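Asks: So I've got this file, coords01.cif, and it contains mmCIF, C-alpha atoms:
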data_entry
#
loop_
_atom_site.label_atom_id
_atom_site.label_comp_id
_atom_site.auth_asym_id
_atom_site.auth_seq_id
_atom_site.Cartn_x
_atom_site.Cartn_y
_atom_site.Cartn_z
CA MET A 1 10.30 -19.51 -13.52
CA VAL A 2 9.01 -16.19 -12.19
CA SER A 3 5.35 -15.32 -12.75
CA LEU A 4 4.51 -11.62 -13.00
CA ILE A 5 0.82 -11.01 -12.25
CA VAL A 6 -0.68 -7.79 -13.59
CA PRO A 7 -4.29 -6.79 -12.81
CA VAL A 8 -5.49 -4.51 -15.59
CA TYR A 9 -8.25 -1.91 -15.30
CA LYS A 10 -8.52 1.54 -16.89
CA ALA A 11 -4.77 1.71 -17.44
CA GLU A 12 -4.64 2.43 -21.17
CA LYS A 13 -2.41 5.48 -20.60
CA TYR A 14 0.29 3.38 -18.91
CA ILE A 15 -0.15 -0.22 -19.99
CA TYR A 16 2.28 -0.19 -22.92
CA GLN A 17 5.22 1.04 -20.83
CA SER A 18 4.25 -1.34 -18.03
CA ILE A 19 4.15 -4.51 -20.16
CA ASP A 20 7.19 -3.45 -22.20
CA SER A 21 9.20 -3.08 -18.98
CA LEU A 22 8.24 -6.62 -17.95
CA LEU A 23 9.12 -8.19 -21.28
CA ALA A 24 12.50 -6.41 -21.30
CA GLN A 25 13.73 -8.27 -18.19
CA THR A 26 17.34 -9.46 -18.20
CA TYR A 27 16.09 -12.53 -16.30
CA ASN A 28 14.56 -14.55 -19.13
CA ASN A 29 12.62 -17.34 -17.42
CA ILE A 30 9.40 -15.43 -16.86
CA GLU A 31 5.71 -15.48 -17.67
CA VAL A 32 3.57 -12.35 -17.69
CA VAL A 33 0.00 -13.03 -16.55
CA LEU A 34 -2.31 -10.18 -17.55
CA VAL A 35 -5.77 -10.19 -15.98
CA ASP A 36 -8.20 -7.86 -17.73
CA ASP A 37 -10.66 -7.03 -14.96
CA GLY A 38 -13.45 -5.95 -17.31
CA SER A 39 -11.63 -2.75 -18.27
CA PRO A 40 -13.99 -0.53 -20.31
CA ASP A 41 -11.18 0.99 -22.41
CA ASN A 42 -8.87 -0.75 -24.91
CA CYS A 43 -6.77 -2.51 -22.26
CA GLY A 44 -8.22 -5.95 -22.97
CA LYS A 45 -7.46 -5.62 -26.67
CA ILE A 46 -3.94 -4.38 -25.95
CA CYS A 47 -3.31 -7.38 -23.67
CA ASP A 48 -4.43 -9.75 -26.44
CA GLU A 49 -2.08 -8.04 -28.90
CA TYR A 50 0.87 -8.66 -26.59
CA ALA A 51 -0.12 -12.32 -26.11
CA ALA A 52 -0.27 -12.79 -29.88
CA LYS A 53 3.28 -11.44 -30.24
CA ASP A 54 5.03 -13.02 -27.24
CA SER A 55 4.49 -16.56 -25.94
CA ARG A 56 5.53 -15.47 -22.44
CA VAL A 57 2.32 -13.46 -22.13
CA LYS A 58 -0.93 -15.02 -20.91
CA VAL A 59 -4.21 -13.10 -20.85
CA PHE A 60 -7.36 -13.76 -18.83
CA HIS A 61 -10.52 -11.71 -19.20
CA GLN A 62 -13.19 -11.42 -16.52
CA GLN A 63 -16.03 -9.16 -15.46
CA ASN A 64 -14.98 -6.29 -13.23
CA ARG A 65 -14.60 -7.65 -9.69
CA GLY A 66 -11.77 -5.50 -8.32
CA VAL A 67 -8.00 -5.71 -8.03
CA SER A 68 -8.05 -8.48 -5.39
CA ALA A 69 -10.19 -10.75 -7.55
CA ALA A 70 -7.96 -10.02 -10.56
CA ARG A 71 -4.81 -10.96 -8.64
CA ASN A 72 -6.54 -14.10 -7.38
CA THR A 73 -7.34 -15.06 -10.97
CA GLY A 74 -3.67 -14.65 -11.78
CA LEU A 75 -2.68 -16.81 -8.81
CA ALA A 76 -4.95 -19.57 -10.08
CA HIS A 77 -3.14 -19.72 -13.43
CA ILE A 78 0.56 -19.20 -12.73
CA LYS A 79 3.28 -21.80 -13.34
CA GLY A 80 6.26 -20.08 -11.72
CA GLU A 81 8.08 -21.07 -8.56
CA TRP A 82 8.18 -17.36 -7.74
CA ILE A 83 5.55 -14.64 -8.01
CA THR A 84 5.72 -10.87 -8.20
CA PHE A 85 2.82 -8.46 -8.61
CA VAL A 86 2.92 -5.37 -10.82
CA ASP A 87 0.11 -2.85 -11.23
CA ALA A 88 -0.74 -1.91 -14.81
CA ASP A 89 0.07 1.77 -14.25
CA ASP A 90 3.51 0.97 -12.78
CA LYS A 91 6.71 -0.23 -14.41
CA VAL A 92 10.03 -1.86 -13.45
CA THR A 93 13.66 -1.58 -14.48
CA GLU A 94 15.09 -4.24 -16.80
CA ASP A 95 17.05 -5.89 -13.97
CA TYR A 96 14.10 -5.90 -11.56
CA ILE A 97 13.65 -9.70 -11.47
CA GLU A 98 17.38 -10.43 -11.72
CA LYS A 99 18.10 -8.35 -8.61
CA LEU A 100 15.28 -9.95 -6.61
CA MET A 101 16.37 -13.44 -7.65
CA SER A 102 19.91 -12.73 -6.46
CA LYS A 103 18.65 -13.12 -2.89
CA ASP A 104 17.53 -16.30 -1.13
CA GLY A 105 14.40 -16.46 1.03
CA ASP A 106 10.71 -17.26 1.01
CA TRP A 107 9.88 -13.56 0.75
CA ILE A 108 12.22 -11.10 -0.97
CA ILE A 109 11.45 -7.45 -0.17
CA GLY A 110 12.97 -4.71 -2.31
CA GLY A 111 12.71 -0.96 -2.41
CA TYR A 112 10.74 1.18 -4.84
CA LYS A 113 10.38 4.73 -6.07
CA ASP A 114 7.66 6.83 -7.64
CA THR A 115 7.55 8.94 -10.77
CA LYS A 116 8.11 12.09 -8.69
CA GLY A 117 11.52 10.83 -7.56
CA ASN A 118 10.56 9.76 -4.04
CA CYS A 119 12.55 6.64 -3.10
CA CYS A 120 12.24 3.85 -0.55
CA HIS A 121 15.51 2.03 0.13
CA ILE A 122 15.81 -0.85 2.60
CA ASN A 123 18.99 -1.90 4.34
CA GLU A 124 19.91 -5.39 3.18
CA ASP A 125 19.50 -8.22 5.65
CA CYS A 126 18.28 -11.79 5.92
CA TYR A 127 16.00 -13.30 8.56
CA ILE A 128 15.80 -17.09 8.91
CA GLY A 129 13.84 -19.01 11.55
CA ASN A 130 11.25 -17.93 14.10
CA ASP A 131 13.54 -15.85 16.32
CA ARG A 132 14.83 -13.82 13.39
CA LEU A 133 11.34 -13.50 11.89
CA ILE A 134 10.15 -12.06 15.19
CA GLN A 135 13.01 -9.58 14.94
CA PHE A 136 12.00 -8.78 11.35
CA SER A 137 8.41 -8.13 12.43
CA GLN A 138 9.51 -5.86 15.27
CA GLU A 139 11.92 -3.93 13.08
CA HIS A 140 10.00 -3.71 9.82
CA LEU A 141 6.24 -4.32 10.06
CA HIS A 142 5.67 -0.76 11.25
CA ASN A 143 7.26 0.52 8.03
CA LEU A 144 4.97 1.07 5.07
CA TYR A 145 7.20 -0.83 2.62
CA THR A 146 5.98 -4.08 4.22
CA ASN A 147 2.37 -2.98 3.71
CA ASN A 148 2.32 -3.04 -0.10
CA ILE A 149 3.32 -5.59 -2.74
CA ALA A 150 5.57 -3.31 -4.80
CA GLY A 151 9.10 -4.63 -5.31
CA LYS A 152 8.53 -8.03 -3.73
CA LEU A 153 9.02 -11.67 -4.67
CA TYR A 154 6.92 -14.47 -3.13
CA ARG A 155 7.62 -18.21 -3.08
CA SER A 156 4.60 -19.63 -4.88
CA SER A 157 4.59 -22.99 -3.05
CA ILE A 158 3.73 -21.18 0.20
CA ILE A 159 0.78 -19.49 -1.50
CA SER A 160 -0.55 -22.67 -3.09
CA LYS A 161 0.06 -24.94 -0.09
CA ASN A 162 -1.81 -22.59 2.26
CA SER A 163 -4.45 -21.45 -0.26
CA LEU A 164 -3.53 -17.81 0.27
CA ARG A 165 -5.62 -15.26 -1.60
CA PHE A 166 -6.33 -11.53 -1.56
CA ASP A 167 -9.41 -10.47 0.40
CA THR A 168 -12.00 -9.41 -2.18
CA ASN A 169 -14.01 -7.55 0.47
CA VAL A 170 -11.51 -4.68 0.68
CA ARG A 171 -10.38 -2.03 -1.78
CA PHE A 172 -7.46 -0.71 0.26
CA SER A 173 -4.75 -2.52 2.29
CA GLU A 174 -5.63 -5.82 0.64
CA ASP A 175 -1.91 -6.16 -0.09
CA PHE A 176 -0.95 -5.69 3.58
CA LEU A 177 -3.47 -8.32 4.68
CA PHE A 178 -2.03 -10.69 2.07
CA ASN A 179 1.52 -9.94 3.26
CA LEU A 180 0.59 -10.69 6.87
CA ASP A 181 -0.95 -14.01 5.80
CA PHE A 182 2.12 -14.85 3.73
CA LEU A 183 4.54 -13.90 6.52
CA SER A 184 2.78 -16.26 8.94
CA HIS A 185 3.89 -19.20 6.75
CA CYS A 186 7.41 -17.98 5.94
CA ASN A 187 10.63 -19.43 7.25
CA SER A 188 12.85 -16.71 5.81
CA VAL A 189 12.74 -13.10 4.61
CA ALA A 190 15.46 -11.27 2.67
CA LEU A 191 15.71 -7.50 2.20
CA ILE A 192 17.32 -5.88 -0.83
CA TRP A 193 18.39 -2.26 -1.31
CA GLU A 194 17.48 -1.72 -4.98
CA ASP A 195 14.50 0.48 -5.86
CA ASN A 196 13.72 -1.13 -9.23
CA TYR A 197 9.92 -0.93 -8.97
CA ILE A 198 8.52 2.40 -10.19
CA ILE A 199 5.12 3.50 -8.90
CA THR A 200 3.03 6.02 -10.81
CA PHE A 201 2.59 8.90 -8.39
CA SER A 202 -0.94 9.47 -7.07
CA PRO A 203 -1.38 12.76 -5.17
CA CYS A 204 -4.36 11.88 -2.99
CA MET A 205 -5.20 8.25 -2.23
CA GLU A 206 -8.01 9.25 0.11
CA GLU A 207 -9.97 10.94 -2.69
CA LYS A 208 -9.28 8.01 -5.02
CA TYR A 209 -10.81 5.39 -2.72
CA LYS A 210 -13.43 7.34 -0.71
CA LEU A 211 -13.66 4.58 1.87
CA THR A 212 -16.67 4.32 4.16
CA ILE A 213 -16.37 3.82 7.91
CA GLN A 214 -17.71 0.29 7.43
CA GLU A 215 -14.91 -0.52 4.99
CA LEU A 216 -12.28 1.03 7.23
CA SER A 217 -13.55 -0.81 10.30
CA TYR A 218 -13.41 -4.10 8.39
CA ILE A 219 -9.83 -3.43 7.25
CA LEU A 220 -8.71 -2.40 10.73
CA ASP A 221 -10.33 -5.46 12.30
CA LYS A 222 -8.58 -7.76 9.81
CA ILE A 223 -5.19 -6.15 10.43
CA THR A 224 -5.75 -6.50 14.17
CA GLU A 225 -6.77 -10.15 13.81
CA ARG A 226 -3.72 -11.03 11.73
CA THR A 227 -1.21 -9.26 13.96
CA TYR A 228 -2.77 -10.98 16.99
CA ALA A 229 -2.44 -14.35 15.22
CA LEU A 230 1.24 -13.65 14.50
CA SER A 231 1.77 -12.62 18.11
CA GLU A 232 0.18 -15.85 19.32
CA LYS A 233 2.22 -17.96 16.90
CA TRP A 234 5.55 -16.41 17.87
CA GLY A 235 4.80 -15.75 21.53
CA THR A 236 5.50 -12.04 21.31
CA ASN A 237 3.64 -8.76 20.84
CA ILE A 238 3.57 -7.80 17.16
CA LYS A 239 2.43 -4.23 16.57
CA CYS A 240 1.32 -2.53 13.36
CA GLU A 241 0.18 0.77 14.86
CA LYS A 242 1.55 2.91 12.04
CA SER A 243 -0.34 0.84 9.49
CA ILE A 244 -3.47 1.15 11.60
CA ARG A 245 -3.07 4.93 11.69
CA VAL A 246 -2.44 5.14 7.94
CA ASN A 247 -5.69 3.30 7.30
CA ILE A 248 -7.61 5.51 9.74
CA ALA A 249 -6.24 8.53 7.87
CA MET A 250 -7.99 7.26 4.74
CA TYR A 251 -11.26 8.51 6.26
CA PRO A 252 -12.37 11.34 3.93
CA MET A 253 -11.50 14.88 5.04
CA LYS A 254 -14.72 16.12 3.42
CA LYS A 255 -16.70 14.15 6.00
CA ILE A 256 -14.48 15.28 8.86
CA PHE A 257 -15.09 18.95 8.08
CA ILE A 258 -18.84 18.27 8.35
CA ASP A 259 -18.81 15.95 11.37
CA SER A 260 -15.66 14.45 12.90
CA SER A 261 -17.36 12.14 15.41
CA GLU A 262 -17.02 8.95 13.31
CA TYR A 263 -13.37 9.68 12.63
CA GLU A 264 -12.66 10.36 16.30
CA GLU A 265 -14.35 7.09 17.25
CA LEU A 266 -12.15 5.16 14.80
CA TYR A 267 -9.05 6.68 16.37
CA PHE A 268 -10.28 6.07 19.90
CA HIS A 269 -11.16 2.43 19.24
CA TYR A 270 -8.07 1.37 17.26
CA VAL A 271 -5.30 3.66 18.58
CA ALA A 272 -6.07 5.49 21.81
CA GLY A 273 -7.72 2.59 23.61
CA LYS A 274 -9.05 3.59 27.01
CA GLU A 275 -7.02 6.79 27.32
CA ARG A 276 -9.98 9.20 27.21
CA SER A 277 -8.38 11.83 29.44
CA SER A 278 -5.56 12.66 27.01
CA PHE A 279 -7.41 11.63 23.87
CA TYR A 280 -7.63 15.00 22.13
CA ASP A 281 -4.03 15.95 22.89
CA ARG A 282 -2.89 12.74 21.25
CA PHE A 283 -5.44 12.90 18.45
CA TYR A 284 -4.67 16.43 17.29
CA SER A 285 -0.90 15.99 17.56
CA ASP A 286 -0.83 12.66 15.69
CA SER A 287 1.41 13.24 12.66
CA ILE A 288 -0.64 10.85 10.51
CA CYS A 289 -4.23 11.11 11.78
CA SER A 290 -4.61 14.66 13.11
CA PRO A 291 -7.38 16.27 11.03
CA ALA A 292 -5.65 19.66 11.38
CA ILE A 293 -2.34 18.31 10.07
CA ARG A 294 -4.09 16.33 7.34
CA GLY A 295 -5.93 19.47 6.25
CA ILE A 296 -2.70 21.49 6.14
CA ARG A 297 -0.99 18.80 4.10
CA ARG A 298 -3.96 18.57 1.77
CA ALA A 299 -3.65 22.30 1.11
CA LYS A 300 0.11 21.89 0.58
CA MET A 301 -0.53 19.12 -1.94
CA HIS A 302 -2.98 21.36 -3.84
CA ILE A 303 -0.38 24.14 -3.92
CA LYS A 304 2.31 21.77 -5.23
CA THR A 305 0.03 20.51 -8.00
CA GLY A 306 -1.07 24.02 -8.97
CA HIS A 307 -4.65 23.75 -7.67
CA PHE A 308 -4.57 27.06 -5.82
CA ILE A 309 -8.33 27.57 -5.51
CA LYS A 310 -8.67 24.12 -3.90
CA ALA A 311 -5.80 25.04 -1.58
CA ILE A 312 -7.52 28.26 -0.50
CA LYS A 313 -10.82 26.47 0.12
CA THR A 314 -9.08 23.74 2.15
CA LEU A 315 -7.18 26.30 4.24
CA HIS A 316 -10.42 28.16 4.93
CA LYS A 317 -12.01 24.95 6.24
CA VAL A 318 -8.95 24.11 8.35
CA LYS A 319 -8.90 27.59 9.84
CA LYS A 320 -12.61 27.46 10.65
CA ALA A 321 -12.41 24.03 12.30
CA TYR A 322 -8.95 24.01 13.88
CA GLY A 323 -7.55 27.54 13.78
CA ALA A 324 -7.62 27.86 17.57
CA ILE A 325 -5.52 24.74 18.21
CA ILE A 326 -3.03 24.91 15.31
CA PRO A 327 -0.49 27.02 17.30
CA SER A 328 -0.25 24.23 19.90
CA ILE A 329 0.39 21.43 17.36
CA ARG A 330 3.93 20.36 16.58
CA LEU A 331 4.40 20.68 12.83
CA SER A 332 7.21 20.09 10.38
CA ARG A 333 8.97 23.15 8.98
CA TYR A 334 7.12 22.96 5.66
CA ASP A 335 3.74 22.35 7.29
CA LYS A 336 4.33 25.40 9.51
CA LEU A 337 4.66 27.63 6.47
CA VAL A 338 1.27 26.51 5.18
CA ALA A 339 -0.25 26.61 8.68
CA LEU A 340 0.60 30.32 8.93
CA LEU A 341 -2.03 30.93 6.28
CA CYS A 342 -4.64 29.37 8.59
CA ARG A 343 -4.18 31.96 11.34
#
Please lay out the structure from this file as structure tokens.

Replies:
Amino acid sequence: MVSLIVPVYKAEKYIYQSIDSLLAQTYNNIEVVLVDDGSPDNCGKICDEYAAKDSRVKVFHQQNRGVSAARNTGLAHIKGEWITFVDADDKVTEDYIEKLMSKDGDWIIGGYKDTKGNCCHINEDCYIGNDRLIQFSQEHLHNLYTNNIAGKLYRSSIISKNSLRFDTNVRFSEDFLFNLDFLSHCNSVALIWEDNYIITFSPCMEEKYKLTIQELSYILDKITERTYALSEKWGTNIKCEKSIRVNIAMYPMKKIFIDSSEYEELYFHYVAGKERSSFYDRFYSDSICSPAIRGIRRAKMHIKTGHFIKAIKTLHKVKKAYGAIIPSIRLSRYDKLVALLCR
């Protein structure tokens, strides 16, 4: 049996299509575990309606404690030998589970796409035993598809035997921390090409979460601890620098425009290390963390979504703060077009 765990919170707009996509699976031996995390809308009622109509659906209601706590509640009540996680605003194709179950491994990693048509495909492969898992970590842990839980299948016995749970102290990257914990107990990982998990596009994650420096420091410390533990276990140097940089780039741009010292310190501590002499060259040219590049891309995102006044205001702030250095930064072709407006 495959258990599909769905944390539910303020997803009334999407929940019907999400649950319908799960119940339409061509692989029949499933249970759908819906965890209503104290959603203030009609999601809890909708979940109960599905449970009344289909015996494969289980519903658990709890006070709002966050997505990690909701997933943990699901983990405490599943019966399946396999587990997959689906967010209530996402959906899957009807052969989602069937394709994942066609592979053999403790952890099956598939691709995904979003509602804007952006796709993530992974070249198929299989990694068995420590030497191959080391190779997997070196080849794939720096890629963001290993950071989330979209499109993945987990062997439940590994989770139960090692009491693995999501960290309820974090609101972002909790899935990557869980994946690192799970990987440390795996004996095999299989990769699959199909992009059968469909993510609802979100234009600006940074504004959605509004993480504090304390939260980010906690997340970054936990990622560092787990990668160090994997390195010690396998006798090699496991790096997750790209994931570290992605998390640093969740620091709010609004705060950076006012005072960038906290943001610079995060980058110095977790990325640059002791390289003070070339710090700013590296910092401002970093394709993920550079505040100038982030500002330009923020403006580009506003333009794409039709928020032209926001785009103008963002470009004004970028020009004021970083106009003098933008000509020296290596930019993509599309970023260059927007950057011209900052001069």

Asks: Quick check on the file I pasted: which residues fall under the PyMOL selection byres ((chain A and resi 141) around 12)? Write them as a PyMOL selection string.

Replies: chain A and resi 109+133-140+142-148+176-177+179-180+183+223+227+230+237-244

Asks: Just say which residues the PyMOL selection byres ((chain A and resi 289) around 9) picks in this file, as a list in words.

Replies: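 Output from the PyMOL selection byres ((chain A and resi 289) around 9), applied to this file: Arg245, Val246, Ile248, Ala249, Met250, Tyr267, Phe283, Tyr284, Ser285, Asp286, Ser287, Ile288, Ser290, Pro291, Ala292, Ile293 and Arg294 of chain A.
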
Asks: Please dump the current selection as an mmCIF file, in the frame of the given file; keep C-alpha atoms.

Replies:
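Final output, selection-v6.cif:
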data_model
loop_
_atom_site.group_PDB
_atom_site.id
_atom_site.type_symbol
_atom_site.label_atom_id
_atom_site.label_comp_id
_atom_site.auth_asym_id
_atom_site.auth_seq_id
_atom_site.Cartn_x
_atom_site.Cartn_y
_atom_site.Cartn_z
ATOM 1 C CA ARG A 245 -3.070 4.930 11.690
ATOM 2 C CA VAL A 246 -2.440 5.140 7.940
ATOM 3 C CA ILE A 248 -7.610 5.510 9.740
ATOM 4 C CA ALA A 249 -6.240 8.530 7.870
ATOM 5 C CA MET A 250 -7.990 7.260 4.740
ATOM 6 C CA TYR A 267 -9.050 6.680 16.370
ATOM 7 C CA PHE A 283 -5.440 12.900 18.450
ATOM 8 C CA TYR A 284 -4.670 16.430 17.290
ATOM 9 C CA SER A 285 -0.900 15.990 17.560
ATOM 10 C CA ASP A 286 -0.830 12.660 15.690
ATOM 11 C CA SER A 287 1.410 13.240 12.660
ATOM 12 C CA ILE A 288 -0.640 10.850 10.510
ATOM 13 C CA SER A 290 -4.610 14.660 13.110
ATOM 14 C CA PRO A 291 -7.380 16.270 11.030
ATOM 15 C CA ALA A 292 -5.650 19.660 11.380
ATOM 16 C CA ILE A 293 -2.340 18.310 10.070
ATOM 17 C CA ARG A 294 -4.090 16.330 7.340
#

Asks: Quick one: everything within 9 Å of segment 157-160 of chain A, counting only C-alpha atoms, minus sequence neighbours fewer than 2 positions away in the same chain. Send it as number ranges by chain.

Replies: A: 75-76, 81-82, 106, 154-155, 162-165, 182, 185-186

Asks: Could you write those residues out with C-alpha atoms, as a JSON list (two decimals), in the coordinates of the input?

Replies:
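Dumped everything to result_10.json:
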[["chain", "number", "residue", "atom", "x", "y", "z"],
["A", 75, "LEU", "CA", -2.68, -16.81, -8.81],
["A", 76, "ALA", "CA", -4.95, -19.57, -10.08],
["A", 81, "GLU", "CA", 8.08, -21.07, -8.56],
["A", 82, "TRP", "CA", 8.18, -17.36, -7.74],
["A", 106, "ASP", "CA", 10.71, -17.26, 1.01],
["A", 154, "TYR", "CA", 6.92, -14.47, -3.13],
["A", 155, "ARG", "CA", 7.62, -18.21, -3.08],
["A", 162, "ASN", "CA", -1.81, -22.59, 2.26],
["A", 163, "SER", "CA", -4.45, -21.45, -0.26],
["A", 164, "LEU", "CA", -3.53, -17.81, 0.27],
["A", 165, "ARG", "CA", -5.62, -15.26, -1.60],
["A", 182, "PHE", "CA", 2.12, -14.85, 3.73],
["A", 185, "HIS", "CA", 3.89, -19.20, 6.75],
["A", 186, "CYS", "CA", 7.41, -17.98, 5.94]]

Asks: Translate the PyMOL selection byres ((chain A and resi 37-44) around 9) into a concrete residue list for this structure, as a list in words.

Replies: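 When the PyMOL selection byres ((chain A and resi 37-44) around 9) is applied to the shown file, the picked residues are Pro7, Val8, Tyr9, Lys10, Ala11, Glu12, Ile15, Val35, Asp36, Lys45, Ile46, Cys47, Asp48, Glu49, Val59, Phe60, His61, Gln62, Gln63, Asn64, Arg65, Gly66, Val67, Ala69 and Ala70 of chain A.
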
Asks: Which value, in Å to one decimal, gives the distance between atom CA of Ser18 of chain A and atom CA of Asp90 of chain A?

Replies: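 Interatomic distance, atom CA of Ser18 of chain A to atom CA of Asp90 of chain A: 5.8 Å.
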
Asks: Between A:Lys222, A:Glu262, A:Asn196, A:His77, which one has atoms that come closest to His121 of chain A, using all atoms listed in the file?

Replies: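 Under the stated criterion, the closest residue is A:Asn196.
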
Asks: Restricting the calculation to only C-alpha atoms, which member of A:Asn72, A:Asn28, A:Ser102, A:Asn118 is positioned closest to Ser202 of chain A?

Replies: A:Asn118

Asks: Rounded to one decimal place, report the atom CA of Leu220 of chain A-atom CA of Ile326 of chain A distance in Å.

Replies: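 According to the coordinates, atom CA of Leu220 of chain A and atom CA of Ile326 of chain A are separated by 28.3 Å.
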
Asks: Will you model N, CA, C and O atoms for segment 299-313 of chain A and pass it back as a short mmCIF file (atom, residue, chain, number, x, y, z; two decimals), in the frame of the given file?

Replies:
data_model
loop_
_atom_site.label_atom_id
_atom_site.label_comp_id
_atom_site.auth_asym_id
_atom_site.auth_seq_id
_atom_site.Cartn_x
_atom_site.Cartn_y
_atom_site.Cartn_z
N ALA A 299 -3.82 20.99 1.74
CA ALA A 299 -3.65 22.30 1.11
C ALA A 299 -2.27 22.39 0.44
O ALA A 299 -2.14 22.92 -0.67
N LYS A 300 -1.25 21.88 1.13
CA LYS A 300 0.11 21.89 0.58
C LYS A 300 0.18 21.09 -0.71
O LYS A 300 0.84 21.49 -1.68
N MET A 301 -0.51 19.95 -0.74
CA MET A 301 -0.53 19.12 -1.94
C MET A 301 -1.20 19.87 -3.09
O MET A 301 -0.74 19.84 -4.24
N HIS A 302 -2.30 20.59 -2.80
CA HIS A 302 -2.98 21.36 -3.84
C HIS A 302 -2.07 22.46 -4.38
O HIS A 302 -2.06 22.74 -5.58
N ILE A 303 -1.31 23.08 -3.49
CA ILE A 303 -0.38 24.14 -3.92
C ILE A 303 0.70 23.56 -4.83
O ILE A 303 1.01 24.12 -5.89
N LYS A 304 1.25 22.41 -4.45
CA LYS A 304 2.31 21.77 -5.23
C LYS A 304 1.83 21.38 -6.62
O LYS A 304 2.59 21.41 -7.58
N THR A 305 0.57 20.96 -6.71
CA THR A 305 0.03 20.51 -8.00
C THR A 305 -0.65 21.64 -8.78
O THR A 305 -1.26 21.41 -9.81
N GLY A 306 -0.55 22.86 -8.25
CA GLY A 306 -1.07 24.02 -8.97
C GLY A 306 -2.55 24.26 -8.83
O GLY A 306 -3.13 25.09 -9.54
N HIS A 307 -3.22 23.57 -7.89
CA HIS A 307 -4.65 23.75 -7.67
C HIS A 307 -4.85 24.77 -6.54
O HIS A 307 -5.21 24.41 -5.41
N PHE A 308 -4.62 26.03 -6.86
CA PHE A 308 -4.57 27.06 -5.82
C PHE A 308 -5.95 27.37 -5.23
O PHE A 308 -6.05 27.68 -4.04
N ILE A 309 -6.99 27.30 -6.04
CA ILE A 309 -8.33 27.57 -5.51
C ILE A 309 -8.72 26.48 -4.51
O ILE A 309 -9.28 26.77 -3.44
N LYS A 310 -8.41 25.21 -4.84
CA LYS A 310 -8.67 24.12 -3.90
C LYS A 310 -7.87 24.32 -2.62
O LYS A 310 -8.37 24.04 -1.52
N ALA A 311 -6.64 24.80 -2.76
CA ALA A 311 -5.80 25.04 -1.58
C ALA A 311 -6.41 26.10 -0.68
O ALA A 311 -6.47 25.94 0.55
N ILE A 312 -6.90 27.17 -1.27
CA ILE A 312 -7.52 28.26 -0.50
C ILE A 312 -8.76 27.77 0.22
O ILE A 312 -8.99 28.06 1.40
N LYS A 313 -9.60 27.00 -0.48
CA LYS A 313 -10.82 26.47 0.12
C LYS A 313 -10.50 25.53 1.28
O LYS A 313 -11.16 25.55 2.32
#
